>>> print(open('structure_14.cif').read())   # mmCIF, C-alpha atoms
data_work
#
loop_
_atom_site.label_atom_id
_atom_site.label_comp_id
_atom_site.auth_asym_id
_atom_site.auth_seq_id
_atom_site.Cartn_x
_atom_site.Cartn_y
_atom_site.Cartn_z
CA ARG A 13 -2.22 -27.34 -5.67
CA SER A 14 -3.41 -29.19 -2.59
CA VAL A 15 -6.19 -27.87 -0.36
CA VAL A 16 -5.59 -28.71 3.28
CA ALA A 17 -9.15 -28.72 4.54
CA ASP A 18 -11.82 -30.88 6.14
CA GLY A 19 -14.08 -32.63 3.72
CA GLU A 20 -15.06 -35.96 2.28
CA GLU A 21 -12.50 -38.71 2.41
CA LYS A 22 -10.48 -38.94 -0.79
CA ASP A 23 -10.09 -42.12 -2.79
CA TRP A 24 -7.04 -44.18 -1.89
CA GLU A 25 -4.19 -43.70 -4.36
CA PRO A 26 -1.78 -46.63 -3.90
CA GLU A 27 0.65 -45.27 -6.48
CA LYS A 28 1.45 -42.32 -4.18
CA SER A 29 3.66 -42.59 -1.12
CA LEU A 30 2.70 -40.69 2.03
CA LEU A 31 6.30 -40.00 3.05
CA TRP A 32 7.98 -39.41 -0.29
CA THR A 33 5.40 -37.85 -2.62
CA ASN A 34 5.97 -34.18 -3.43
CA LEU A 35 3.15 -32.14 -1.90
CA GLY A 36 3.62 -29.19 -4.26
CA SER A 37 1.99 -25.91 -3.27
CA MET A 38 -0.89 -25.92 -0.81
CA ILE A 39 -3.79 -23.62 -0.02
CA THR A 40 -3.89 -22.99 3.70
CA ASP A 41 -7.43 -23.56 4.96
CA THR A 42 -7.56 -23.37 8.77
CA ASP A 43 -9.38 -21.60 11.53
CA GLN A 44 -8.18 -18.21 12.80
CA SER A 45 -5.94 -19.64 15.52
CA TYR A 46 -3.49 -21.09 13.00
CA TRP A 47 -1.73 -17.81 12.35
CA THR A 48 -1.55 -17.12 16.08
CA LEU A 49 0.24 -20.45 16.53
CA VAL A 50 2.64 -19.57 13.71
CA ALA A 51 3.36 -16.18 15.31
CA LEU A 52 3.97 -17.82 18.70
CA THR A 53 6.36 -20.28 17.11
CA HIS A 54 8.43 -17.59 15.44
CA GLY A 55 8.32 -15.32 18.46
CA LEU A 56 9.40 -17.89 21.03
CA LEU A 57 11.81 -19.99 18.99
CA SER A 58 13.50 -17.37 16.80
CA LYS A 59 15.71 -16.06 19.55
CA ASN A 60 19.24 -16.54 20.82
CA SER A 61 17.69 -18.29 23.81
CA PRO A 62 14.59 -20.02 22.44
CA GLN A 63 11.79 -20.60 24.95
CA GLY A 64 10.87 -24.09 23.85
CA ASP A 65 9.13 -25.22 27.01
CA ARG A 66 6.97 -22.09 27.14
CA TRP A 67 6.09 -22.63 23.45
CA MET A 68 5.06 -26.24 24.13
CA ALA A 69 3.02 -25.28 27.20
CA LEU A 70 1.00 -22.82 25.11
CA LEU A 71 0.48 -25.42 22.39
CA SER A 72 -0.62 -28.00 24.95
CA ALA A 73 -3.13 -25.58 26.44
CA HIS A 74 -4.45 -24.83 22.95
CA LEU A 75 -4.89 -28.56 22.32
CA ASP A 76 -7.27 -28.67 25.29
CA ARG A 77 -9.61 -26.30 23.45
CA GLU A 78 -12.01 -27.18 20.65
CA VAL A 79 -9.82 -26.41 17.68
CA SER A 80 -10.42 -27.78 14.21
CA LEU A 81 -8.41 -30.77 13.01
CA LYS A 82 -7.46 -28.83 9.88
CA THR A 83 -5.57 -26.28 11.99
CA TRP A 84 -3.42 -28.94 13.64
CA ARG A 85 -3.07 -30.79 10.36
CA MET A 86 -1.48 -27.71 8.85
CA PHE A 87 0.51 -26.69 11.91
CA CYS A 88 1.92 -30.07 12.90
CA ASP A 89 4.80 -29.74 10.45
CA ARG A 90 6.26 -27.09 12.77
CA LEU A 91 6.22 -29.54 15.65
CA ARG A 92 9.46 -31.00 14.30
CA TYR A 93 11.12 -28.18 16.27
CA VAL A 94 10.49 -30.09 19.53
CA ARG A 95 13.78 -31.95 19.02
CA GLY A 96 15.72 -28.90 20.14
CA ASN A 97 15.12 -25.20 20.56
CA GLY A 98 15.08 -25.38 24.34
CA CYS A 99 12.39 -28.07 24.43
CA THR A 100 12.61 -30.55 27.30
CA SER A 101 12.57 -34.09 25.94
CA ASN A 102 9.80 -35.46 28.18
CA ALA A 103 7.54 -32.45 27.62
CA ALA A 104 8.10 -32.71 23.86
CA LYS A 105 7.16 -36.37 23.79
CA ALA A 106 4.08 -35.67 25.91
CA LEU A 107 2.94 -32.94 23.50
CA ILE A 108 3.29 -35.21 20.43
CA SER A 109 1.46 -38.01 22.24
CA LYS A 110 -1.34 -35.64 23.23
CA LEU A 111 -1.73 -34.45 19.63
CA TYR A 112 -2.05 -37.93 18.13
CA ASP A 113 -4.32 -39.12 20.93
CA LYS A 114 -6.72 -36.27 20.20
CA PHE A 115 -6.43 -36.54 16.39
CA PRO A 116 -5.46 -40.17 15.63
CA THR A 117 -6.23 -39.78 11.90
CA LEU A 118 -3.26 -37.42 11.60
CA ALA A 119 -0.99 -40.48 11.52
CA SER A 120 -2.25 -41.41 8.06
CA GLU A 121 -2.42 -37.89 6.64
CA THR A 122 0.62 -36.88 4.65
CA ILE A 123 1.85 -34.07 6.92
CA GLY A 124 1.08 -35.95 10.14
CA CYS A 125 2.67 -39.15 8.87
CA ARG A 126 5.80 -37.23 7.90
CA LEU A 127 6.03 -35.66 11.35
CA LEU A 128 6.09 -39.15 12.89
CA ALA A 129 8.79 -40.18 10.42
CA GLN A 130 10.88 -37.10 11.24
CA LEU A 131 10.64 -37.80 14.98
CA ILE A 132 10.75 -41.60 14.87
CA ARG A 133 14.26 -41.78 16.38
CA PHE A 134 13.21 -39.36 19.13
CA LEU A 135 9.83 -40.70 20.23
CA ASP A 136 9.32 -43.44 22.82
CA THR A 137 8.87 -46.99 21.58
CA LYS A 138 5.65 -47.41 23.58
CA PHE A 139 4.07 -44.42 21.86
CA LEU A 140 5.10 -45.60 18.39
CA ARG A 141 3.77 -49.08 19.08
CA ASN A 142 0.41 -47.58 20.09
CA VAL A 143 0.25 -45.49 16.92
CA PHE A 144 1.12 -48.51 14.80
CA GLN A 145 -1.48 -50.61 16.60
CA ARG A 146 -4.23 -48.08 15.84
CA LEU A 147 -3.24 -47.95 12.18
CA GLN A 148 -3.05 -51.72 11.92
CA ALA A 149 -6.50 -52.17 13.48
CA SER A 150 -8.12 -49.79 10.98
CA SER A 151 -9.94 -51.06 7.92
CA ARG A 152 -9.09 -47.93 5.90
CA PRO A 153 -6.49 -48.62 3.16
CA ILE A 154 -4.75 -45.29 3.81
CA ASP A 155 -4.21 -46.26 7.47
CA GLN A 156 -2.81 -49.60 6.41
CA GLN A 157 -0.46 -47.90 3.95
CA ALA A 158 0.76 -45.48 6.65
CA PHE A 159 1.39 -48.45 8.93
CA GLY A 160 3.45 -50.11 6.21
CA GLU A 161 5.55 -47.05 5.43
CA LEU A 162 6.26 -46.14 9.05
CA LEU A 163 6.96 -49.68 10.26
CA THR A 164 9.35 -50.32 7.36
CA LEU A 165 11.17 -47.06 8.05
CA ALA A 166 11.52 -47.98 11.73
CA ALA A 167 12.70 -51.49 10.82
CA LEU A 168 15.52 -50.17 8.63
CA LEU A 169 16.77 -47.43 10.97
CA ASP A 170 19.53 -48.56 13.33
CA GLU A 171 17.97 -46.74 16.29
CA THR A 172 14.60 -48.52 16.06
CA SER A 173 15.37 -51.78 14.24
CA ASP A 174 15.71 -53.84 17.43
CA TRP A 175 11.95 -53.87 17.97
CA ALA A 176 10.61 -52.81 14.55
CA HIS A 177 12.45 -55.30 12.34
CA PRO A 178 11.01 -58.40 14.08
CA LYS A 179 7.57 -56.78 13.89
CA LEU A 180 7.96 -56.13 10.15
CA SER A 181 9.16 -59.71 9.53
CA GLN A 182 6.11 -60.98 11.36
CA GLU A 183 3.74 -58.79 9.36
CA LEU A 184 5.34 -59.75 6.02
CA SER A 185 5.00 -63.49 6.60
CA LEU A 186 2.35 -65.12 4.43
CA ALA A 187 0.89 -66.70 7.56
CA ALA A 188 0.01 -63.21 8.81
CA GLU A 189 -2.04 -62.57 5.64
CA PRO A 190 -0.90 -58.94 5.29
CA SER A 191 -3.29 -56.55 3.59
CA GLU A 192 -2.37 -55.25 0.16
CA ALA A 193 -2.50 -51.65 1.42
CA PHE A 194 0.05 -52.46 4.15
CA LEU A 195 2.31 -54.07 1.54
CA VAL A 196 1.93 -51.03 -0.70
CA GLY A 197 3.24 -48.87 2.14
CA ALA A 198 6.13 -51.23 2.85
CA SER A 199 7.00 -51.32 -0.86
CA HIS A 200 7.03 -47.52 -1.13
CA ALA A 201 9.26 -47.24 1.93
CA VAL A 202 11.85 -49.86 1.06
CA SER A 203 12.09 -48.63 -2.56
CA ASN A 204 12.92 -45.12 -1.41
CA LEU A 205 15.22 -46.19 1.44
CA TRP A 206 17.29 -48.76 -0.51
CA ASN A 207 19.94 -46.22 -1.52
CA ASP A 208 19.47 -43.70 1.29
CA LEU A 209 20.33 -46.18 4.05
CA GLU A 210 22.77 -48.31 2.03
CA LYS A 211 21.21 -51.58 3.19
CA PRO A 212 20.73 -53.49 -0.08
CA SER A 213 20.63 -56.93 1.51
CA GLU A 214 17.86 -56.05 3.99
CA CYS A 215 15.91 -54.07 1.40
CA SER A 216 16.17 -56.80 -1.22
CA GLN A 217 14.89 -59.37 1.27
CA ILE A 218 11.91 -57.20 2.24
CA LEU A 219 10.98 -56.52 -1.39
CA ARG A 220 11.22 -60.20 -2.28
CA GLN A 221 8.83 -60.99 0.56
CA ILE A 222 6.44 -58.34 -0.74
CA PHE A 223 6.67 -59.66 -4.31
CA ALA A 224 6.02 -63.21 -3.09
CA THR A 225 2.49 -62.19 -2.07
CA GLY A 226 1.66 -61.52 -5.71
CA TYR A 227 -0.34 -58.38 -4.97
CA PRO A 228 -0.09 -56.16 -8.11
CA GLN A 229 -0.43 -52.80 -6.36
CA ALA A 230 2.27 -53.68 -3.85
CA ILE A 231 4.65 -54.90 -6.56
CA ASN A 232 4.11 -51.84 -8.73
CA ALA A 233 4.64 -49.50 -5.76
CA SER A 234 8.34 -50.42 -6.01
CA ARG A 235 8.70 -48.35 -9.17
CA MET A 236 10.71 -45.56 -7.50
CA LEU A 237 13.51 -48.03 -6.74
CA PHE A 238 14.34 -48.04 -10.44
CA TRP A 239 14.04 -44.27 -10.84
CA ASN A 240 16.53 -43.21 -8.19
CA ASP A 241 19.68 -41.31 -9.17
CA VAL A 242 21.86 -44.17 -7.93
CA GLY A 243 21.58 -47.35 -9.98
CA LEU A 244 21.29 -50.77 -8.39
CA PRO A 245 24.62 -52.43 -7.54
CA LEU A 246 25.82 -55.42 -9.52
CA ASP A 247 25.45 -58.00 -6.80
CA GLU A 248 23.41 -61.00 -5.72
CA ASN A 249 20.77 -58.78 -4.12
CA THR A 250 19.95 -57.25 -7.50
CA ARG A 251 19.97 -60.65 -9.22
CA ALA A 252 17.61 -62.07 -6.59
CA LEU A 253 15.33 -59.05 -6.95
CA PHE A 254 15.10 -59.52 -10.73
CA GLY A 255 14.31 -63.18 -10.10
CA ALA A 256 11.46 -62.27 -7.75
CA LEU A 257 10.06 -59.86 -10.36
CA GLU A 258 10.18 -62.60 -12.99
CA GLU A 259 8.22 -64.95 -10.75
CA ASN A 260 5.46 -62.32 -10.53
CA VAL A 261 5.72 -60.91 -14.05
CA ASP A 262 1.95 -61.17 -14.54
CA ALA A 263 1.46 -58.48 -11.87
CA ILE A 264 3.88 -55.94 -13.35
CA ASP A 265 2.24 -52.97 -15.05
CA SER A 266 3.72 -51.09 -18.01
CA GLY A 267 5.13 -48.29 -15.84
CA LEU A 268 7.15 -50.64 -13.65
CA ALA A 269 8.17 -52.72 -16.68
CA GLU A 270 9.59 -49.63 -18.37
CA GLU A 271 11.67 -48.71 -15.31
CA VAL A 272 12.94 -52.26 -14.72
CA LEU A 273 13.93 -52.67 -18.37
CA GLY A 274 15.65 -49.29 -18.31
CA GLU A 275 17.64 -50.45 -15.28
CA MET A 276 18.61 -53.61 -17.13
CA VAL A 277 19.77 -51.58 -20.14
CA ASP A 278 22.04 -49.60 -17.81
CA ILE A 279 23.38 -52.72 -16.09
CA LEU A 280 24.04 -55.00 -19.06
CA PRO A 281 27.26 -53.38 -20.36
CA GLU A 282 28.83 -53.85 -16.92
CA THR A 283 27.81 -57.47 -16.28
CA ASP A 284 31.31 -58.86 -16.79
CA ARG A 285 31.59 -58.11 -13.07
CA LEU A 286 28.64 -60.43 -12.40
CA PRO A 287 27.97 -62.66 -15.45
CA GLU A 288 25.14 -64.45 -13.62
CA LEU A 289 23.01 -61.35 -14.12
CA ARG A 290 22.82 -61.80 -17.90
CA PRO A 291 20.83 -65.08 -17.90
CA GLN A 292 18.52 -63.59 -15.26
CA ILE A 293 17.87 -60.49 -17.37
CA LEU A 294 17.30 -62.67 -20.45
CA SER A 295 14.87 -64.91 -18.57
CA PHE A 296 12.90 -61.94 -17.24
CA CYS A 297 12.58 -60.32 -20.66
CA LYS A 298 11.50 -63.52 -22.43
CA ARG A 299 8.85 -64.20 -19.81
CA LEU A 300 7.61 -60.60 -19.95
CA VAL A 301 7.25 -60.77 -23.73
CA ASP A 302 5.54 -64.18 -23.54
CA THR A 303 3.06 -62.74 -21.06
CA ARG A 304 2.39 -59.45 -22.86
CA ILE A 305 2.89 -60.34 -26.52
CA ASP A 306 -0.75 -59.81 -27.50
CA GLU A 307 -0.75 -56.35 -25.91
CA LEU A 308 2.56 -55.47 -27.57
CA LYS A 309 1.12 -56.50 -30.93
CA ARG A 310 -1.76 -54.07 -30.34
CA ARG A 311 0.75 -51.36 -29.33
CA GLU A 312 -0.56 -51.51 -25.78
CA PHE A 313 1.42 -52.04 -22.55
CA ASN A 314 3.31 -48.81 -23.29
CA ALA A 315 4.88 -50.52 -26.31
CA TYR A 316 6.54 -47.36 -27.63
CA GLU A 317 8.62 -47.08 -24.44
CA VAL A 318 8.92 -50.72 -23.38
CA GLY A 319 9.70 -51.91 -26.93
CA PRO A 320 12.94 -49.94 -27.48
CA PHE A 321 14.33 -51.16 -24.14
CA LEU A 322 13.54 -54.79 -25.02
CA VAL A 323 15.21 -54.46 -28.42
CA GLU A 324 18.28 -52.84 -26.89
CA ILE A 325 18.55 -55.63 -24.32
CA ALA A 326 18.16 -58.33 -27.00
CA MET A 327 20.87 -56.77 -29.15
CA THR A 328 23.25 -56.32 -26.20
CA LEU A 329 22.77 -59.90 -24.98
CA GLN A 330 23.92 -61.15 -28.39
CA ARG A 331 27.36 -59.61 -27.77
CA PHE A 332 28.08 -62.06 -24.95
CA PRO A 333 28.88 -65.72 -25.73
CA ASP A 334 26.77 -67.10 -22.86
CA THR A 335 23.60 -65.25 -23.92
CA ARG A 336 24.11 -64.93 -27.69
CA THR A 337 21.62 -67.63 -28.64
CA GLY A 338 19.10 -66.52 -26.01
CA GLY A 339 19.41 -62.89 -27.10
CA LEU A 340 18.69 -63.90 -30.69
CA ASP A 341 15.63 -65.88 -29.56
CA LEU A 342 14.40 -62.82 -27.67
CA PHE A 343 14.94 -60.62 -30.72
CA GLU A 344 12.89 -63.04 -32.84
CA GLN A 345 10.10 -62.82 -30.24
CA LEU A 346 10.12 -59.05 -30.62
CA LEU A 347 9.93 -59.36 -34.40
CA ARG A 348 6.90 -61.65 -34.03
CA ALA A 349 5.35 -59.03 -31.77
CA GLY A 350 5.70 -56.57 -34.63
CA LEU A 351 7.66 -53.98 -32.66
CA ASP A 352 8.81 -51.12 -34.88
CA ASP A 353 12.19 -50.92 -33.17
CA ALA A 354 12.85 -54.59 -33.82
CA ASP A 355 12.02 -54.17 -37.52
CA ARG A 356 14.23 -51.10 -37.67
CA ALA A 357 17.13 -52.90 -35.98
CA LEU A 358 16.82 -55.75 -38.48
CA LYS A 359 16.88 -53.34 -41.42
CA ASP A 360 19.91 -51.60 -39.96
CA PHE A 361 21.63 -54.97 -39.57
CA ASP A 362 20.81 -55.91 -43.18
CA GLY A 363 21.94 -52.51 -44.41
CA THR A 364 18.46 -51.64 -45.62
CA GLU A 365 17.39 -48.04 -45.15
CA ALA A 366 14.11 -47.73 -43.25
CA SER A 367 11.49 -45.62 -44.98
CA SER A 368 10.54 -42.31 -43.46
CA ALA A 369 7.06 -43.68 -42.79
CA ASP A 370 8.58 -46.32 -40.51
CA ARG A 371 10.51 -43.79 -38.49
CA ARG A 372 9.28 -42.12 -35.36
CA GLU A 373 10.75 -39.56 -33.04
CA PRO A 374 13.60 -40.93 -30.89
CA ARG A 375 12.42 -42.18 -27.55
CA ARG A 376 13.25 -40.12 -24.51
CA ARG A 377 16.67 -40.72 -23.06
CA ARG A 378 16.99 -42.10 -19.55
CA ARG A 379 18.80 -40.00 -17.00
CA GLN A 380 22.48 -40.55 -16.52
CA ARG A 381 22.75 -42.53 -13.32
CA ARG A 382 25.54 -43.18 -10.89
CA ARG A 383 26.05 -46.74 -9.74
CA ARG A 384 26.90 -47.45 -6.14
CA ALA A 385 29.86 -49.70 -5.56
CA THR A 386 29.06 -53.36 -4.95
CA SER A 387 28.58 -54.12 -1.28
CA SER A 388 31.14 -56.42 0.25
#
>>> encode(input="structure_14.cif", output="structure tokens")
Amino acid sequence: RSVVADGEEKDWEPEKSLLWTNLGSMITDTDQSYWTLVALTHGLLSKNSPQGDRWMALLSAHLDREVSLKTWRMFCDRLRYVRGNGCTSNAAKALISKLYDKFPTLASETIGCRLLAQLIRFLDTKFLRNVFQRLQASSRPIDQQAFGELLTLAALLDETSDWAHPKLSQELSLAAEPSEAFLVGASHAVSNLWNDLEKPSECSQILRQIFATGYPQAINASRMLFWNDVGLPLDENTRALFGALEENVDAIDSGLAEEVLGEMVDILPETDRLPELRPQILSFCKRLVDTRIDELKRREFNAYEVGPFLVEIAMTLQRFPDTRTGGLDLFEQLLRAGLDDADRALKDFDGTEASSADRREPRRRRRQRRRRATSS
């Protein structure tokens, strides 16, 4: 459970997205006015003729009082109702602006950041630019991450891309020396939006720019891209993305490696539609094993999950004429690494029964995934 309360600042957790991490259940810790605000919301908006402007006027007056941040932190989720419910547009925008002017740190707290994301198509560009500027100027990693997630979201939405996309391109350029925390936020956002917005070309380009910086935390924040229900399309965007990962293979942790290899296992049987993917997959796997062979020998780097995927890829590559020799070379690498699954595959090929001592429980199965049609 999460406790929504004032207290010491928590350590930054780059592996968690602000906009897409599941909050789970929360303990409500606020001052006494919180429940009054909830009652006002239900009373004034749960009607056939909701009194949105009256509701906002009362909230604005309450903001003028000395009320704890933790109350507004918990209540601000209900402010998404300003997009309708009888709320005048200008008054709604003024209320949101007033809230974030009084409590600027809300923009980098999970609930406050999500409110901005929910209203990003509705809010004025000037206000959003000011919020982004405050986040960008902060030295706190969590503020930088919020800036990255929100700016990337705005850049990929049709309604806000005209001003946000050039800004994102500027921030991602190596000349701008982007902070790793900003890149972590951008990586989280683009990995989650790739399928939702159906913009593989734009998303692939953004991720390749992020990978080019070589920052490990930013690269590994892309893990959710390979865990979505919809698999990556068989197209040049995917091939280019695998190439960018190969160029920065030293920065990939075992969790990301497992997901990328699992994606490759899913893709390989269908690569007759894009044969150029097979040499790219082979090259990535060989370089990953070269880089991590000592750890794999020690059964580190999540070898009991990564290993079976590598063996499956090596065996599948040998079925295709263009990668048969390379697949065999990869398989020999895995044998030299002493991976149990490679030894077992060799015994199966030779018709030798593996002893019960060599056997282990079958690895977990990956989810069945749908694959989106290749973009034209």
>>> resolve_selection(input="structure_14.cif", expression="the PyMOL selection byres ((chain A and resi 105) around 12)", output="VMD selection string")
chain A and resid 65 68 72 91 to 96 99 to 104 106 to 112 128 131 to 140
>>> atom_distance(input="structure_14.cif", atom1="atom CA of A:Glu171", atom2="atom CA of A:Ile154")
26.0 Å
>>> atom_distance(input="structure_14.cif", atom1="atom CA of A:Thr225", atom2="atom CA of A:Ser185")
9.1 Å
>>> resolve_selection(input="structure_14.cif", expression="the PyMOL selection byres ((chain A and resi 27) around 10)", output="VMD selection string")
chain A and resid 24 to 26 28 to 30 33 196 to 197 200 229 to 230 232 to 235
>>> resolve_selection(input="structure_14.cif", expression="the PyMOL selection byres ((chain A and resi 326-334) around 12)", output="number ranges by chain")
A: 273, 276-284, 287-298, 301, 319-325, 335-347, 353-354, 357-358, 361
>>> atom_distance(input="structure_14.cif", atom1="atom CA of A:Gly98", atom2="atom CA of A:Ala129")
21.3 Å
>>> residues_near_point(input="structure_14.cif", point="(12.1, -44.8, -8.3)", cutoff="10 Å", atoms="only C-alpha atoms", output="number ranges by chain")
A: 200, 203-204, 233-243, 268, 271-272
